[in-house]
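Enquirer: So I've got this file, coords_25.cif, and it contains mmCIF, C-alpha atoms:
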```cif
data_model
#
loop_
_atom_site.label_atom_id
_atom_site.label_comp_id
_atom_site.auth_asym_id
_atom_site.auth_seq_id
_atom_site.Cartn_x
_atom_site.Cartn_y
_atom_site.Cartn_z
CA ILE A 27 0.00 0.00 0.00
CA ALA A 28 1.32 3.48 -0.91
CA ILE A 29 0.19 6.71 0.73
CA ASP A 30 0.81 10.37 -0.04
CA GLY A 31 -0.80 13.79 0.32
CA TRP A 32 -1.61 16.52 -2.20
CA SER A 33 -2.95 20.09 -2.10
CA ASP A 34 -5.62 20.73 -4.72
CA PRO A 35 -6.18 24.15 -6.39
CA ARG A 36 -8.53 25.08 -3.52
CA ASN A 37 -5.72 24.30 -1.03
CA LYS A 38 -7.55 21.25 0.29
CA SER A 39 -5.34 18.52 1.74
CA ILE A 40 -6.22 15.38 -0.22
CA TRP A 41 -4.64 12.07 0.78
CA GLY A 42 -4.47 9.08 -1.52
CA PHE A 43 -4.21 5.39 -0.64
CA MET A 44 -3.00 3.20 -3.51
CA ILE A 45 -2.96 -0.58 -3.79
CA LEU A 46 0.09 -1.98 -5.64
CA THR A 47 -0.20 -5.65 -6.59
CA PRO A 48 2.67 -8.17 -7.04
CA ASP A 49 2.09 -8.10 -10.83
CA ARG A 50 2.61 -4.31 -10.72
CA LYS A 51 -1.00 -3.22 -11.19
CA GLU A 52 -1.92 0.08 -9.52
CA TYR A 53 -5.37 0.78 -8.07
CA LEU A 54 -6.64 3.89 -6.35
CA TYR A 55 -8.33 2.52 -3.23
CA HIS A 56 -9.39 5.69 -1.46
CA LEU A 57 -9.15 9.50 -1.51
CA GLU A 58 -9.85 11.45 1.66
CA ASP A 59 -9.96 15.15 2.50
CA LEU A 60 -7.95 15.63 5.69
CA SER A 61 -7.92 19.44 5.63
CA ASP A 62 -9.68 19.72 8.99
CA HIS A 63 -7.10 17.66 10.87
CA HIS A 64 -3.52 17.99 12.05
CA HIS A 65 -1.45 15.45 10.15
CA THR A 66 0.31 13.93 13.13
CA ALA A 67 1.95 10.52 12.93
CA GLU A 68 -0.71 8.98 15.17
CA PHE A 69 -3.56 10.45 13.10
CA LEU A 70 -2.10 9.25 9.78
CA ALA A 71 -1.34 5.84 11.26
CA ASN A 72 -4.95 5.49 12.45
CA LYS A 73 -6.31 6.47 9.03
CA THR A 74 -3.99 4.01 7.30
CA GLU A 75 -4.75 1.21 9.76
CA ALA A 76 -8.45 1.65 9.03
CA ILE A 77 -7.66 1.03 5.35
CA ILE A 78 -5.49 -1.97 6.26
CA THR A 79 -8.29 -3.47 8.37
CA ARG A 80 -10.74 -3.15 5.49
CA ILE A 81 -8.35 -4.82 3.04
CA GLY A 82 -6.94 -7.38 5.46
CA ALA A 83 -3.47 -7.08 7.00
CA GLU A 84 -2.51 -10.56 5.78
CA LYS A 85 -2.86 -9.33 2.19
CA ILE A 86 -0.38 -6.45 2.57
CA SER A 87 3.39 -6.97 2.30
CA ALA A 88 4.61 -3.40 2.81
CA ILE A 89 3.69 0.24 3.26
CA VAL A 90 5.60 2.87 1.29
CA SER A 91 5.58 6.68 1.30
CA ASP A 92 7.96 9.62 1.08
CA ASN A 93 9.98 10.39 4.19
CA GLY A 94 8.27 13.42 5.69
CA ALA A 95 8.75 13.21 9.46
CA ASN A 96 5.06 12.62 10.20
CA VAL A 97 4.56 10.04 7.45
CA ALA A 98 7.77 8.19 8.33
CA ALA A 99 6.68 8.03 11.97
CA ALA A 100 3.24 6.78 10.88
CA ARG A 101 4.89 3.98 8.89
CA SER A 102 6.89 2.99 11.97
CA ILE A 103 3.73 2.84 14.08
CA ILE A 104 2.03 0.64 11.49
CA HIS A 105 5.04 -1.69 11.27
CA LYS A 106 5.08 -1.97 15.07
CA ASN A 107 1.39 -2.86 15.14
CA TYR A 108 1.67 -5.13 12.09
CA PRO A 109 5.21 -6.65 12.08
CA SER A 110 4.52 -8.55 8.85
CA ILE A 111 4.03 -5.25 6.97
CA ILE A 112 7.45 -3.98 5.86
CA ASN A 113 8.21 -0.29 6.44
CA LEU A 114 9.66 1.31 3.27
CA ARG A 115 10.45 4.86 2.22
CA CYS A 116 9.96 5.86 -1.42
CA ILE A 117 13.30 5.27 -3.15
CA ALA A 118 12.54 7.72 -5.99
CA HIS A 119 11.98 10.45 -3.41
CA CYS A 120 15.34 9.55 -1.84
CA PHE A 121 17.18 10.19 -5.10
CA ASN A 122 15.30 13.45 -5.54
CA LEU A 123 16.66 14.55 -2.16
CA LEU A 124 20.15 13.74 -3.44
CA SER A 125 19.56 15.96 -6.49
CA GLN A 126 18.47 18.77 -4.15
CA ASP A 127 21.72 18.29 -2.21
CA VAL A 128 23.59 19.34 -5.36
CA LEU A 129 22.16 22.85 -4.90
CA LYS A 130 23.52 23.02 -1.36
CA SER A 131 27.04 23.38 -2.76
CA SER A 132 28.19 26.87 -3.72
CA PHE A 133 29.04 25.59 -7.21
CA GLY A 134 25.68 23.91 -7.81
CA GLU A 135 23.71 26.85 -6.43
CA ARG A 136 25.64 29.36 -8.55
CA ILE A 137 25.36 27.38 -11.79
CA ILE A 138 21.64 26.61 -11.52
CA LYS A 139 21.02 30.30 -10.72
CA LEU A 140 22.79 31.29 -13.94
CA CYS A 141 20.82 28.64 -15.83
CA ASN A 142 17.57 30.09 -14.48
CA ILE A 143 18.53 33.59 -15.66
CA LEU A 144 19.15 32.28 -19.19
CA CYS A 145 15.99 30.20 -19.09
CA HIS A 146 13.82 33.10 -17.94
CA PHE A 147 15.11 35.46 -20.64
CA PHE A 148 14.94 33.05 -23.57
CA ARG A 149 11.50 31.77 -22.57
CA SER A 150 9.80 34.95 -21.30
CA SER A 151 11.19 37.67 -23.56
CA HIS A 152 9.67 37.90 -27.05
CA ILE A 153 13.04 38.99 -28.45
CA GLY A 154 14.90 36.26 -26.58
CA THR A 155 12.49 33.55 -27.73
CA ALA A 156 12.66 34.71 -31.35
CA LEU A 157 16.47 34.92 -31.30
CA LEU A 158 16.84 31.42 -29.85
CA ASP A 159 14.25 29.85 -32.16
CA ASN A 160 15.99 31.35 -35.20
CA ALA A 161 19.44 30.23 -33.99
CA ILE A 162 18.16 26.68 -33.41
CA LYS A 163 16.86 26.56 -36.99
CA GLU A 164 20.06 28.01 -38.42
CA LYS A 165 22.27 25.52 -36.56
CA THR A 166 19.76 22.64 -37.08
CA ILE A 167 19.82 21.68 -33.41
CA LYS A 168 17.44 18.91 -32.39
CA GLY A 169 15.77 18.38 -29.04
CA GLY A 170 13.75 21.57 -28.72
CA GLY A 171 14.46 24.78 -26.86
CA ILE A 172 15.69 25.60 -23.39
CA LYS A 173 14.03 23.59 -20.61
CA PRO A 174 12.86 25.24 -17.37
CA TYR A 175 13.86 24.08 -13.90
CA VAL A 176 10.81 23.39 -11.72
CA LYS A 177 11.48 22.51 -8.07
CA THR A 178 8.55 20.11 -7.83
CA ARG A 179 9.56 18.24 -11.01
CA TRP A 180 12.32 15.90 -9.97
CA ILE A 181 14.37 15.62 -13.16
CA THR A 182 14.03 19.18 -14.50
CA MET A 183 17.27 20.36 -12.92
CA TYR A 184 19.18 18.03 -15.22
CA GLU A 185 16.97 18.84 -18.22
CA CYS A 186 17.55 22.57 -17.73
CA ALA A 187 21.35 22.27 -17.51
CA ASN A 188 21.58 19.73 -20.33
CA SER A 189 19.43 21.82 -22.68
CA ILE A 190 21.72 24.83 -22.23
CA VAL A 191 24.80 22.73 -23.04
CA ARG A 192 23.02 21.29 -26.07
CA LEU A 193 22.13 24.81 -27.27
CA LYS A 194 25.67 26.18 -26.95
CA PRO A 195 26.07 26.51 -30.77
CA ALA A 196 22.81 28.49 -30.87
CA PHE A 197 23.97 30.86 -28.14
CA ASN A 198 27.29 31.38 -29.95
CA TYR A 199 25.35 32.12 -33.15
CA ILE A 200 23.29 34.75 -31.31
CA LEU A 201 26.44 36.41 -29.91
CA GLU A 202 28.00 36.52 -33.37
CA ASN A 203 24.96 37.84 -35.24
CA SER A 204 22.48 39.45 -32.85
CA LYS A 205 24.42 40.46 -29.76
CA SER A 206 23.10 44.04 -29.84
CA GLU A 207 19.50 42.83 -29.60
CA ILE A 208 20.05 41.35 -26.14
CA SER A 209 19.21 44.20 -23.78
CA ASN A 210 19.61 42.12 -20.62
CA THR A 211 23.19 42.72 -19.44
CA ALA A 212 23.08 39.76 -17.02
CA VAL A 213 22.30 37.38 -19.90
CA LEU A 214 25.11 38.83 -22.02
CA THR A 215 27.55 38.53 -19.12
CA ILE A 216 26.64 34.86 -18.58
CA LEU A 217 26.89 33.92 -22.26
CA GLN A 218 30.32 35.58 -22.55
CA LYS A 219 31.62 34.24 -19.25
CA ARG A 220 34.72 32.13 -19.74
CA GLY A 221 34.17 28.44 -19.02
CA ILE A 222 30.46 28.81 -18.24
CA PHE A 223 29.42 26.01 -20.58
CA ASP A 224 32.09 23.72 -19.12
CA ASP A 225 30.69 24.39 -15.65
CA ILE A 226 27.12 23.71 -16.77
CA GLN A 227 28.32 20.55 -18.52
CA LYS A 228 29.92 19.34 -15.28
CA LEU A 229 26.70 19.97 -13.35
CA SER A 230 24.78 18.10 -16.05
CA GLU A 231 27.15 15.12 -15.84
CA VAL A 232 26.68 14.86 -12.08
CA LEU A 233 22.89 15.10 -12.34
CA LEU A 234 22.57 12.59 -15.21
CA PRO A 235 22.95 9.35 -13.17
CA ILE A 236 20.61 10.75 -10.51
CA LYS A 237 18.05 11.60 -13.19
CA ASP A 238 18.43 8.13 -14.73
CA ALA A 239 18.00 6.53 -11.31
CA ILE A 240 14.78 8.48 -10.63
CA LEU A 241 13.29 7.52 -14.00
CA SER A 242 14.38 3.91 -13.61
CA LEU A 243 13.01 3.58 -10.09
CA GLU A 244 9.65 5.19 -10.91
CA ARG A 245 8.78 2.33 -13.28
CA ASN A 246 6.04 -0.13 -12.38
CA ASN A 247 8.41 -3.12 -12.53
CA THR A 248 10.98 -1.70 -10.10
CA ASN A 249 12.00 -4.05 -7.29
CA LEU A 250 14.07 -3.75 -4.12
CA ALA A 251 17.24 -5.01 -5.83
CA ASP A 252 17.04 -2.10 -8.30
CA CYS A 253 17.28 0.30 -5.36
CA TYR A 254 20.68 -1.05 -4.35
CA ILE A 255 21.94 -1.25 -7.94
CA ASN A 256 21.10 2.41 -8.59
CA LEU A 257 22.80 3.48 -5.37
CA LEU A 258 25.96 1.76 -6.62
CA ARG A 259 25.69 3.42 -10.05
CA VAL A 260 25.40 6.91 -8.58
CA ALA A 261 28.30 6.21 -6.22
CA ALA A 262 30.47 5.10 -9.16
CA SER A 263 29.63 8.24 -11.16
CA ILE A 264 30.55 10.51 -8.24
CA LYS A 265 33.82 8.66 -7.76
CA LYS A 266 34.72 9.34 -11.42
CA MET A 267 34.22 13.11 -11.06
CA ASP A 268 37.07 15.49 -11.86
CA GLN A 269 38.90 15.94 -8.55
CA TYR A 270 41.15 18.76 -9.70
CA ASP A 271 39.23 21.51 -11.53
CA TYR A 272 36.14 20.83 -9.40
CA LYS A 273 37.75 19.69 -6.15
CA GLY A 274 35.33 21.53 -3.85
CA PHE A 275 32.28 20.28 -5.72
CA HIS A 276 33.64 16.72 -5.75
CA THR A 277 34.25 16.82 -2.00
CA HIS A 278 30.73 18.12 -1.41
CA MET A 279 29.15 15.38 -3.54
CA VAL A 280 31.14 12.63 -1.81
CA GLN A 281 30.05 13.94 1.59
CA VAL A 282 26.35 14.29 0.71
CA PHE A 283 26.25 10.90 -1.01
CA ASN A 284 27.84 9.17 1.98
CA LYS A 285 25.32 10.88 4.24
CA ARG A 286 22.37 9.94 2.02
CA TYR A 287 23.70 6.40 1.56
CA GLU A 288 23.64 5.84 5.30
CA GLU A 289 20.12 7.28 5.37
CA PHE A 290 18.76 5.47 2.30
CA ASN A 291 20.52 2.11 2.39
CA ASP A 292 17.95 -0.32 3.71
CA PRO A 293 19.23 -3.87 4.47
CA LYS A 294 16.27 -5.18 2.48
CA TYR A 295 17.78 -3.63 -0.68
CA LEU A 296 20.98 -5.63 -0.21
CA LEU A 297 19.07 -8.80 0.64
CA ALA A 298 16.98 -8.50 -2.53
CA PHE A 299 20.16 -7.79 -4.50
CA PHE A 300 21.68 -11.13 -3.44
CA LEU A 301 18.39 -12.97 -3.98
CA HIS A 302 18.13 -11.68 -7.54
CA PRO A 303 18.09 -14.55 -10.10
CA GLU A 304 21.00 -12.99 -12.02
CA TRP A 305 23.22 -14.59 -9.35
CA LYS A 306 22.22 -18.23 -9.51
CA GLY A 307 23.77 -20.97 -7.39
CA LYS A 308 23.31 -24.70 -6.93
CA LYS A 309 20.08 -26.59 -7.46
CA PRO A 310 17.26 -25.70 -7.17
CA TYR A 311 18.50 -22.10 -7.59
CA ASN A 312 20.03 -22.56 -11.05
CA ARG A 313 17.01 -22.19 -13.32
CA PRO A 314 17.66 -20.12 -16.47
CA TYR A 315 16.83 -16.42 -16.12
CA SER A 316 16.37 -13.79 -18.84
CA SER A 317 15.89 -10.15 -17.87
CA LYS A 318 14.05 -9.62 -21.17
CA HIS A 319 11.39 -12.26 -20.59
CA ASP A 320 11.38 -12.99 -16.84
CA THR A 321 10.94 -11.07 -13.61
CA PRO A 322 12.60 -11.99 -10.31
CA LEU A 323 9.17 -12.62 -8.80
CA ASN A 324 8.12 -15.08 -11.54
CA TRP A 325 11.49 -16.84 -11.35
CA TRP A 326 11.17 -17.43 -7.61
CA LEU A 327 7.58 -18.62 -7.98
CA LEU A 328 8.94 -21.56 -9.99
CA ILE A 329 11.53 -22.52 -7.39
CA ASN A 330 10.89 -25.46 -5.06
CA ASP A 331 13.48 -25.57 -2.29
CA GLY A 332 11.88 -28.10 0.02
CA LYS A 333 10.63 -26.10 3.00
CA ASN A 334 10.22 -23.06 0.72
CA GLN A 335 11.49 -20.66 3.39
CA LEU A 336 13.96 -18.88 1.13
CA SER A 337 11.47 -18.84 -1.74
CA ARG A 338 8.77 -17.35 0.46
CA LEU A 339 11.13 -14.61 1.61
CA ALA A 340 12.24 -13.81 -1.95
CA ILE A 341 8.66 -13.84 -3.26
CA LYS A 342 7.60 -11.37 -0.59
CA LEU A 343 10.53 -9.03 -1.29
CA PHE A 344 10.12 -9.11 -5.07
CA SER A 345 6.36 -8.56 -4.85
CA ILE A 346 6.94 -5.10 -3.35
CA THR A 347 6.98 -1.88 -5.38
CA PRO A 348 9.47 0.32 -3.46
CA HIS A 349 8.12 3.73 -4.45
CA SER A 350 5.00 5.87 -4.15
CA ALA A 351 5.17 7.29 -7.68
CA SER A 352 1.70 5.86 -8.29
CA CYS A 353 0.34 8.48 -5.88
CA GLU A 354 2.17 11.24 -7.74
CA ARG A 355 0.72 10.02 -11.04
CA ILE A 356 -2.81 10.03 -9.62
CA PHE A 357 -2.36 13.53 -8.21
CA SER A 358 -1.10 14.77 -11.59
CA SER A 359 -4.27 13.39 -13.16
CA LEU A 360 -6.41 15.05 -10.50
CA GLY A 361 -4.73 18.37 -11.24
CA TRP A 362 -5.80 18.10 -14.88
CA PHE A 363 -9.44 17.77 -13.83
CA PHE A 364 -9.42 21.26 -12.35
CA GLY A 365 -9.56 24.40 -14.48
CA LYS A 366 -10.50 28.08 -14.30
CA ARG A 367 -14.16 27.16 -14.70
CA ARG A 368 -14.02 23.90 -12.78
CA GLN A 369 -13.10 24.48 -9.14
CA ARG A 370 -15.99 22.87 -7.26
CA LEU A 371 -15.46 19.18 -7.89
CA GLN A 372 -16.64 17.08 -4.96
CA LEU A 373 -14.20 14.52 -3.56
CA ASN A 374 -16.43 11.56 -4.46
CA THR A 375 -16.67 12.84 -8.04
CA LEU A 376 -12.92 13.37 -8.15
CA GLN A 377 -12.29 9.86 -6.84
CA SER A 378 -14.66 8.29 -9.37
CA MET A 379 -13.01 10.18 -12.24
CA ALA A 380 -9.56 9.11 -11.05
CA LYS A 381 -10.59 5.44 -10.79
CA ILE A 382 -11.92 5.51 -14.34
#
```
For this file, write the structure as structure tokens.

Expert:
Amino acid sequence: IAIDGWSDPRNKSIWGFMILTPDRKEYLYHLEDLSDHHHTAEFLANKTEAIITRIGAEKISAIVSDNGANVAAARSIIHKNYPSIINLRCIAHCFNLLSQDVLKSSFGERIIKLCNILCHFFRSSHIGTALLDNAIKEKTIKGGGIKPYVKTRWITMYECANSIVRLKPAFNYILENSKSEISNTAVLTILQKRGIFDDIQKLSEVLLPIKDAILSLERNNTNLADCYINLLRVAASIKKMDQYDYKGFHTHMVQVFNKRYEEFNDPKYLLAFFLHPEWKGKKPYNRPYSSKHDTPLNWWLLINDGKNQLSRLAIKLFSITPHSASCERIFSSLGWFFGKRRQRLQLNTLQSMAKI
């Protein structure tokens, strides 16, 4: 079961309870307006336990949510009351926190600020938009224009930085042919700043594996082993960073990753990693496995190891979806239902539309 909260356009606090099945189907079970209540850990735990009672605790393997203090405490209460229900934090949210840590370095904060200045001018100014569109056509650059950074959109920091690096030939074309038409001195200063595109490229390279991890871990077929694998991939990319020209930034990233690793690294990730069928042993654990055609859950369902204790453990672990992205997807859909002329949707109507 996955839980998360959302504020609708009327500033109502709507909470969603999603059912995630072992075969990766997602079902909206319940929406509830909790605007009139304080969202304490005990209150959220009671609301969630009421849902668990209706479904049946024996049918639920885990509870997953982001790691807000109140929600994390609520998960702990539920796990204490129902020891068979595993307590998990959303792994995609964890990697988003790591991307936010990039901005806590002086280098990351400075570069994304410069990116935002460029983005605002070339997206908001009529002259800037026209100049960039024309330069893109002249230089036949594919991939579209400059991408905005939106704090609530987890991968847009990378997309913003990467789009500016990709459009470097267009910016050079503008400086060579239409420099006088840029009235914004800050934009001109940034575009002419020595090494600015190298700095943005470095930021983009650091953010790329984090972006890839978020996208990978938001998929329906993500399992607990994928969490550990992506932690290793991000660690490897940080280790390969330039330690000379960007020594301070490298040191910062090593420190924040080590901190987040201690925070994120759940022993269940490592256990699932070693139970993954890619690492087969002696009979009966040597059945063929193809990542293209099989899933770890299906592979373990075919294993007969006598008492079935190891199989039962593996089946439970690989039946769990370790993220609450399903809640985010539902809330995005709910946001589309509202408009300037549609602000009075009742919760029951909203829930019915979402279930459809």

Enquirer: Could you state the separation of atom CA of Leu301 of chain A and atom CA of Ser316 of chain A in Å, given to one decimal place?

Expert: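 Straight-line distance from atom CA of Leu301 of chain A to atom CA of Ser316 of chain A works out to 15.0 Å.
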
Enquirer: If you count all atoms listed in the file, which residues fall within 7 Å of segment 167-184 of chain A, apart from same-chain ones fewer than 5 positions away, as a list in words?

Expert: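 In the requested form, the answer reads Asn122, Cys145, Ile162, Ser189, Ile190, Ser230, Leu233, Leu234 and Lys237 of chain A.
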
Enquirer: Check what the PyMOL selection byres ((chain A and resi 95) around 12) selects in the file above and give those residues as a list of chain:residue names.

Expert: A:His65, A:Thr66, A:Ala67, A:Glu68, A:Leu70, A:Ser91, A:Asp92, A:Asn93, A:Gly94, A:Asn96, A:Val97, A:Ala98, A:Ala99, A:Ala100, A:Arg101, A:Ser102, A:Arg115

Enquirer: May I have the residues within 12 Å of Leu241 of chain A as a list in words, using only C-alpha atoms and disregarding those fewer than 3 positions away in the same chain?

Expert: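 The filter keeps Ile117, Ala118, His119, Phe121, Asn122, Arg179, Trp180, Ile181, Thr182, Leu234, Pro235, Ile236, Lys237, Asp238, Glu244, Arg245, Asn246, Asn247, Thr248, Asp252, Cys253, Asn256, His349 and Ala351 of chain A.
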
Enquirer: Deliver the residues from the most recent selection as a file, using C-alpha atoms, as an mmCIF file, keeping the file's coordinate frame.

Expert:
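Everything below was put into result29.cif:
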```cif
data_model
loop_
_atom_site.group_PDB
_atom_site.id
_atom_site.type_symbol
_atom_site.label_atom_id
_atom_site.label_comp_id
_atom_site.auth_asym_id
_atom_site.auth_seq_id
_atom_site.Cartn_x
_atom_site.Cartn_y
_atom_site.Cartn_z
ATOM 1 C CA ILE A 117 13.300 5.270 -3.150
ATOM 2 C CA ALA A 118 12.540 7.720 -5.990
ATOM 3 C CA HIS A 119 11.980 10.450 -3.410
ATOM 4 C CA PHE A 121 17.180 10.190 -5.100
ATOM 5 C CA ASN A 122 15.300 13.450 -5.540
ATOM 6 C CA ARG A 179 9.560 18.240 -11.010
ATOM 7 C CA TRP A 180 12.320 15.900 -9.970
ATOM 8 C CA ILE A 181 14.370 15.620 -13.160
ATOM 9 C CA THR A 182 14.030 19.180 -14.500
ATOM 10 C CA LEU A 234 22.570 12.590 -15.210
ATOM 11 C CA PRO A 235 22.950 9.350 -13.170
ATOM 12 C CA ILE A 236 20.610 10.750 -10.510
ATOM 13 C CA LYS A 237 18.050 11.600 -13.190
ATOM 14 C CA ASP A 238 18.430 8.130 -14.730
ATOM 15 C CA GLU A 244 9.650 5.190 -10.910
ATOM 16 C CA ARG A 245 8.780 2.330 -13.280
ATOM 17 C CA ASN A 246 6.040 -0.130 -12.380
ATOM 18 C CA ASN A 247 8.410 -3.120 -12.530
ATOM 19 C CA THR A 248 10.980 -1.700 -10.100
ATOM 20 C CA ASP A 252 17.040 -2.100 -8.300
ATOM 21 C CA CYS A 253 17.280 0.300 -5.360
ATOM 22 C CA ASN A 256 21.100 2.410 -8.590
ATOM 23 C CA HIS A 349 8.120 3.730 -4.450
ATOM 24 C CA ALA A 351 5.170 7.290 -7.680
#
```

Enquirer: Could you tell me which of A:Cys116, A:Glu304, A:Arg313, A:Ala187 comes closest to Asn142 of chain A if we count all atoms listed in the file?

Expert: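 Of the candidates, the smallest distance to Asn142 of chain A is held by A:Ala187.
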
Enquirer: Is there a way to get, as a VMD selection string, all residues within 12 Å of the point (-9.8, 22.0, -5.0) in file coordinates, counting all atoms listed in the file?

Expert: chain A and resid 32 to 40 59 61 357 360 to 373 375 to 376

Enquirer: Carefully work through the PyMOL selection byres ((chain A and resi 299) around 8) for this structure and note down the residues it includes, as a list in words.

Expert: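 Selection result, ordered by chain and number: Leu250, Ala251, Asp252, Tyr254, Ile255, Tyr295, Leu296, Leu297, Ala298, Phe300, Leu301 and His302 of chain A.
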
Enquirer: One decimal, Å: what's the distance from atom CA of Ile27 of chain A over to atom CA of Pro303 of chain A, could you say?

Expert: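 Answer for the atom CA of Ile27 of chain A to atom CA of Pro303 of chain A separation: 25.3 Å.
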
Enquirer: Smallest atom-to-atom distance to Leu193 of chain A: which of A:Lys165, A:Ser209, A:Asp225, A:Lys342, using only C-alpha atoms?

Expert: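 So, comparing all the options, the nearest one is A:Lys165.
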